[in-house]
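Source file structure-v9.cif; content: mmCIF, C-alpha atoms.
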data_my_file
#
loop_
_atom_site.label_atom_id
_atom_site.label_comp_id
_atom_site.auth_asym_id
_atom_site.auth_seq_id
_atom_site.Cartn_x
_atom_site.Cartn_y
_atom_site.Cartn_z
CA MET A 111 0.00 0.00 0.00
CA ILE A 112 1.30 3.44 -0.90
CA ARG A 113 1.26 5.92 1.95
CA ARG A 114 0.73 9.60 1.29
CA LYS A 115 3.39 12.01 2.46
CA ASN A 116 2.72 13.23 5.98
CA ALA A 117 3.32 16.97 5.66
CA LEU A 118 2.22 17.61 9.25
CA LEU A 119 4.89 15.21 10.53
CA ASP A 120 7.54 16.76 8.27
CA THR A 121 6.66 20.26 9.47
CA ALA A 122 6.53 19.25 13.14
CA LEU A 123 9.95 17.59 12.91
CA ALA A 124 11.47 20.56 11.07
CA CYS A 125 10.12 22.93 13.73
CA VAL A 126 11.45 20.87 16.64
CA GLU A 127 14.84 20.50 14.93
CA ARG A 128 14.96 24.30 14.64
CA GLY A 129 14.12 24.83 18.31
CA ILE A 130 10.46 25.76 17.79
CA PRO A 131 8.09 24.07 20.27
CA VAL A 132 5.12 22.30 18.68
CA GLN A 133 1.75 21.25 20.04
CA ALA A 134 -1.09 19.12 18.72
CA ALA A 135 -4.32 21.02 18.10
CA THR A 136 -7.90 20.12 17.29
CA ILE A 137 -9.64 21.13 14.07
CA ALA A 138 -11.19 24.00 16.05
CA GLY A 139 -7.67 25.23 16.85
CA THR A 140 -7.60 24.40 20.55
CA PRO A 141 -4.59 22.77 22.23
CA ASP A 142 -4.61 18.99 22.44
CA GLY A 143 -1.62 18.15 24.63
CA GLY A 144 1.51 19.86 25.90
CA TRP A 145 4.40 21.58 24.14
CA ILE A 146 6.81 19.20 22.43
CA THR A 147 10.50 19.96 21.91
CA ASP A 148 11.78 16.45 21.24
CA VAL A 149 11.93 14.80 17.80
CA ASP A 150 10.87 11.37 19.10
CA ALA A 151 7.89 12.84 20.95
CA ALA A 152 6.86 14.78 17.83
CA ARG A 153 7.16 11.64 15.73
CA ALA A 154 4.91 9.77 18.18
CA VAL A 155 2.17 12.42 17.88
CA TRP A 156 2.23 13.13 14.13
CA ASP A 157 3.41 9.82 12.62
CA VAL A 158 -0.10 8.37 12.66
CA ALA A 159 -2.76 7.65 10.03
CA GLU A 160 -4.73 10.83 10.90
CA PRO A 161 -2.30 13.32 12.48
CA PRO A 162 -3.66 16.22 14.53
CA ASN A 163 -3.28 19.84 13.54
CA LEU A 164 0.01 21.52 14.32
CA GLY A 165 0.56 24.58 16.49
CA VAL A 166 3.67 26.58 17.32
CA THR A 167 4.48 29.49 19.60
CA SER A 168 6.97 32.34 19.82
CA CYS A 169 10.26 31.15 21.28
CA PRO A 170 13.96 32.10 21.38
CA THR A 171 14.38 31.13 17.70
CA MET A 172 11.15 32.64 16.29
CA ALA A 173 8.82 35.56 16.94
CA ILE A 174 5.19 35.36 15.82
CA TRP A 175 3.36 38.60 15.04
CA ARG A 176 -0.29 39.40 14.41
CA LEU A 177 -0.60 42.19 11.83
CA PRO A 178 -3.70 44.27 11.11
CA ARG A 179 -5.53 43.64 7.85
CA ILE A 180 -4.74 46.78 5.83
CA ALA A 181 -1.28 47.70 7.14
CA GLY A 182 -0.27 44.02 7.11
CA ALA A 183 -1.29 43.50 3.47
CA TYR A 184 0.28 46.72 2.24
CA GLY A 185 3.38 46.19 4.38
CA LYS A 186 3.82 42.78 2.81
CA ARG A 187 3.75 44.40 -0.65
CA LEU A 188 6.32 47.00 0.43
CA TYR A 189 8.55 44.21 1.73
CA GLU A 190 8.23 42.37 -1.62
CA GLN A 191 9.31 45.50 -3.51
CA ASP A 192 12.69 45.34 -1.76
CA ARG A 193 13.18 41.92 -3.37
CA PRO A 194 14.42 40.40 -0.13
CA GLY A 195 16.40 37.20 -0.09
CA ILE A 196 14.39 35.96 2.88
CA TRP A 197 10.59 35.85 2.79
CA PRO A 198 8.59 35.78 6.01
CA PRO A 199 6.04 33.02 6.34
CA THR A 200 2.72 34.87 6.31
CA MET A 201 -0.78 33.47 6.74
CA LYS A 202 -4.08 35.31 6.31
CA LEU A 203 -6.54 34.78 9.14
CA PRO A 204 -10.30 34.38 8.65
CA ASP A 205 -10.89 37.88 10.13
CA GLY A 206 -8.56 39.46 7.52
CA ASP A 207 -5.61 40.02 9.85
CA TRP A 208 -2.28 38.30 9.24
CA ILE A 209 0.15 36.08 11.11
CA THR A 210 3.81 36.36 10.21
CA CYS A 211 7.02 34.91 11.65
CA THR A 212 10.40 36.57 12.01
CA LEU A 213 13.58 36.18 13.97
CA PRO A 214 13.16 37.51 17.51
CA PRO A 215 14.04 41.20 17.70
CA GLU A 216 17.65 41.81 18.74
CA THR A 217 16.91 45.32 20.03
CA ASP A 218 13.94 47.52 20.84
CA LEU A 219 11.93 47.89 17.63
CA GLY A 220 10.68 51.37 18.42
CA PRO A 221 7.16 52.27 17.37
CA LEU A 222 5.03 49.60 15.73
CA ALA A 223 2.04 50.04 13.45
CA THR A 224 -1.32 50.28 15.22
CA GLY A 225 -2.64 46.80 15.97
CA VAL A 226 0.65 44.91 15.56
CA GLN A 227 0.81 42.35 18.34
CA TYR A 228 3.62 40.08 19.44
CA VAL A 229 2.24 36.60 20.10
CA GLU A 230 3.55 35.73 23.55
CA PRO A 231 5.43 32.45 24.14
CA GLY A 232 3.00 29.73 25.15
CA THR A 233 0.20 31.07 22.93
CA LEU A 234 -0.83 28.45 20.37
CA VAL A 235 -0.86 29.47 16.70
CA VAL A 236 -2.13 26.73 14.38
CA ILE A 237 0.00 26.68 11.23
CA PRO A 238 -0.05 25.08 7.78
CA PRO A 239 -0.49 22.41 6.63
CA SER A 240 -3.16 22.04 9.34
CA MET A 241 -6.82 21.73 8.43
CA THR A 242 -9.26 23.96 10.30
CA VAL A 243 -13.01 24.45 10.15
CA ASP A 244 -12.29 27.16 7.54
CA GLY A 245 -10.22 24.80 5.36
CA ARG A 246 -6.54 24.01 4.88
CA LEU A 247 -4.15 26.68 6.15
CA ARG A 248 -1.50 27.95 3.75
CA TRP A 249 1.70 29.97 4.12
CA ASP A 250 2.55 32.68 1.62
CA GLY A 251 6.08 33.33 0.45
CA SER A 252 7.90 30.66 2.42
CA ASN A 253 8.89 27.07 2.85
CA PHE A 254 8.59 27.35 6.63
CA PRO A 255 10.40 26.22 8.72
CA LEU A 256 13.15 25.06 6.37
CA HIS A 257 14.14 28.52 5.10
CA PRO A 258 15.69 31.10 7.41
CA LEU A 259 13.49 33.82 8.89
CA PRO A 260 13.91 37.54 8.19
CA SER A 261 14.61 40.03 10.94
CA ALA A 262 11.66 41.49 12.82
CA ASP A 263 12.77 45.03 11.93
CA ALA A 264 12.88 44.25 8.18
CA VAL A 265 9.24 43.13 8.21
CA LEU A 266 7.66 45.33 10.89
CA SER A 267 9.24 48.55 9.62
CA LYS A 268 7.41 47.98 6.31
CA VAL A 269 4.11 47.50 8.15
CA LEU A 270 4.66 50.79 10.00
CA ARG A 271 5.51 52.54 6.72
CA ALA A 272 2.37 51.04 5.16
CA GLU A 273 0.23 52.42 7.96
CA GLU A 274 1.82 55.86 7.68
CA GLU A 275 1.29 55.99 3.90
CA TYR A 276 -2.29 54.73 4.15
CA VAL A 277 -3.19 57.31 6.79
CA LYS A 278 -1.57 60.06 4.71
CA LEU A 279 -3.68 59.09 1.67
CA HIS A 280 -6.96 58.17 3.36
CA GLY A 281 -6.91 60.00 6.68
CA GLN A 282 -7.41 56.88 8.80
CA LEU A 283 -7.24 53.14 8.74
CA GLY A 284 -10.50 51.52 7.61
#
Go through the file and emit its structure as structure tokens.
Amino acid sequence: MIRRKNALLDTALACVERGIPVQAATIAGTPDGGWITDVDAARAVWDVAEPPNLGVTSCPTMAIWRLPRIAGAYGKRLYEQDRPGIWPPTMKLPDGDWITCTLPPETDLGPLATGVQYVEPGTLVVIPPSMTVDGRLRWDGSNFPLHPLPSADAVLSKVLRAEEEYVKLHGQLG
């Protein structure tokens, strides 16, 4: 019998190998177990016929950010215009906001765009290739977690610039 590739297992193992804690999650996106940092433990959870969804959290090797809908979308376009060598994994949320991942900031980032939120360590974020009630989750612009992450400043400074330009043109964020 031919077995399909288990992308959830592959992603879970790649995360753990990179120092990113993983956690099983239900289709509704709620935690289903504790944080896993060991390859063998990850293999035991996701190397099954019907693996659970996969969640990660901010940690010493990765910062997760929630970006507002308009500034996040426009900031992503501004980042693309720089033709960066490193693309941040970015996922659109059902409410229109965005999740993106960067390296943890090395210094104080200064002002952030309105609505940008750092996702605190221990907070579950369900990531692709998980399946949720809204359908299969997808990353944009990345082969996460195999590719390196960009700096937080490189990404978040574009989101701040996007907000500033949008407000200048339209008077306020919609």
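Atom to atom, atom CA of Arg176 of chain A and atom CA of Glu216 of chain A stand 18.6 Å apart.
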**OP:** In the coordinate frame of the file, compute which residues have an atom within 6 Å of (4.6, 28.7, 16.8) when using all atoms listed in the file, and state them as a VMD selection string.
**Re:** chain A and resid 165 to 168 235
**OP:** Starting from the displayed file, determine the output of the PyMOL selection byres ((chain A and resi 220-228) around 10) and express the residue list as a ChimeraX atom specification.
**Re:** /A:168,173-179,181-182,185,207-211,217-219,229-231,263,266-274,283
**OP:** Find the residues near Arg246 of chain A: any atom within 12 Å, counting only C-alpha atoms, skip ones fewer than 2 places away on the same chain, and give them as an MDAnalysis selection string.
**Re:** chainID A and resid 118 137 163:164 201:204 236:244 248:249
Selected residues, C-alpha atoms, written as a compact mmCIF listing (two decimals), keeping the file's coordinate frame, please.
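out15.txt, freshly written:
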# COMPACT_ATOMS: atom_id res chain seq x y z
CA LEU A 118 2.22 17.61 9.25
CA ILE A 137 -9.64 21.13 14.07
CA ASN A 163 -3.28 19.84 13.54
CA LEU A 164 0.01 21.52 14.32
CA MET A 201 -0.78 33.47 6.74
CA LYS A 202 -4.08 35.31 6.31
CA LEU A 203 -6.54 34.78 9.14
CA PRO A 204 -10.30 34.38 8.65
CA VAL A 236 -2.13 26.73 14.38
CA ILE A 237 0.00 26.68 11.23
CA PRO A 238 -0.05 25.08 7.78
CA PRO A 239 -0.49 22.41 6.63
CA SER A 240 -3.16 22.04 9.34
CA MET A 241 -6.82 21.73 8.43
CA THR A 242 -9.26 23.96 10.30
CA VAL A 243 -13.01 24.45 10.15
CA ASP A 244 -12.29 27.16 7.54
CA ARG A 248 -1.50 27.95 3.75
CA TRP A 249 1.70 29.97 4.12
Original post:
Which of these residues is nearest to Lys186 of chain A, using all atoms listed in the file: A:Gly245, A:Pro199, A:Gly129, A:Gly206?
Top reply: A:Pro199
Original post:
Contacts of Asn253 of chain A at 12 Å or less, counting all atoms listed in the file, minus same-chain residues fewer than 3 places along, as a ChimeraX atom specification?
Top reply: /A:117,120-121,124-125,196-200,211,238-239,248-250,256-259
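Atom CA of Ala138 of chain A is found 22.9 Å from atom CA of Val126 of chain A.
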Subject >> Resolved residues for the PyMOL selection byres ((chain A and resi 156) around 10) as a count of residues only >> reply: 22
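For the atom pair formed by atom CA of Asp142 of chain A and atom CA of Arg128 of chain A, the distance is 21.7 Å, given to one decimal.
Minimum atom-to-atom distance to Ser261 of chain A, evaluated using only C-alpha atoms, belongs to A:Pro194 out of A:Leu279, A:Pro194, A:Leu247, A:Gly232.
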As AutoDock Vina command-line options: centre and edge lengths in Å, one decimal, of the axis-aligned box holding segment 167-178 of chain A with 8 Å per side:
--center_x 5.3 --center_y 36.9 --center_z 16.2 --size_x 34.1 --size_y 30.8 --size_z 26.3
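Checking A:Pro131, A:Gly251, A:Val265, A:Thr212 one by one against Asp192 of chain A, counting only C-alpha atoms, you find the shortest gap at A:Val265.
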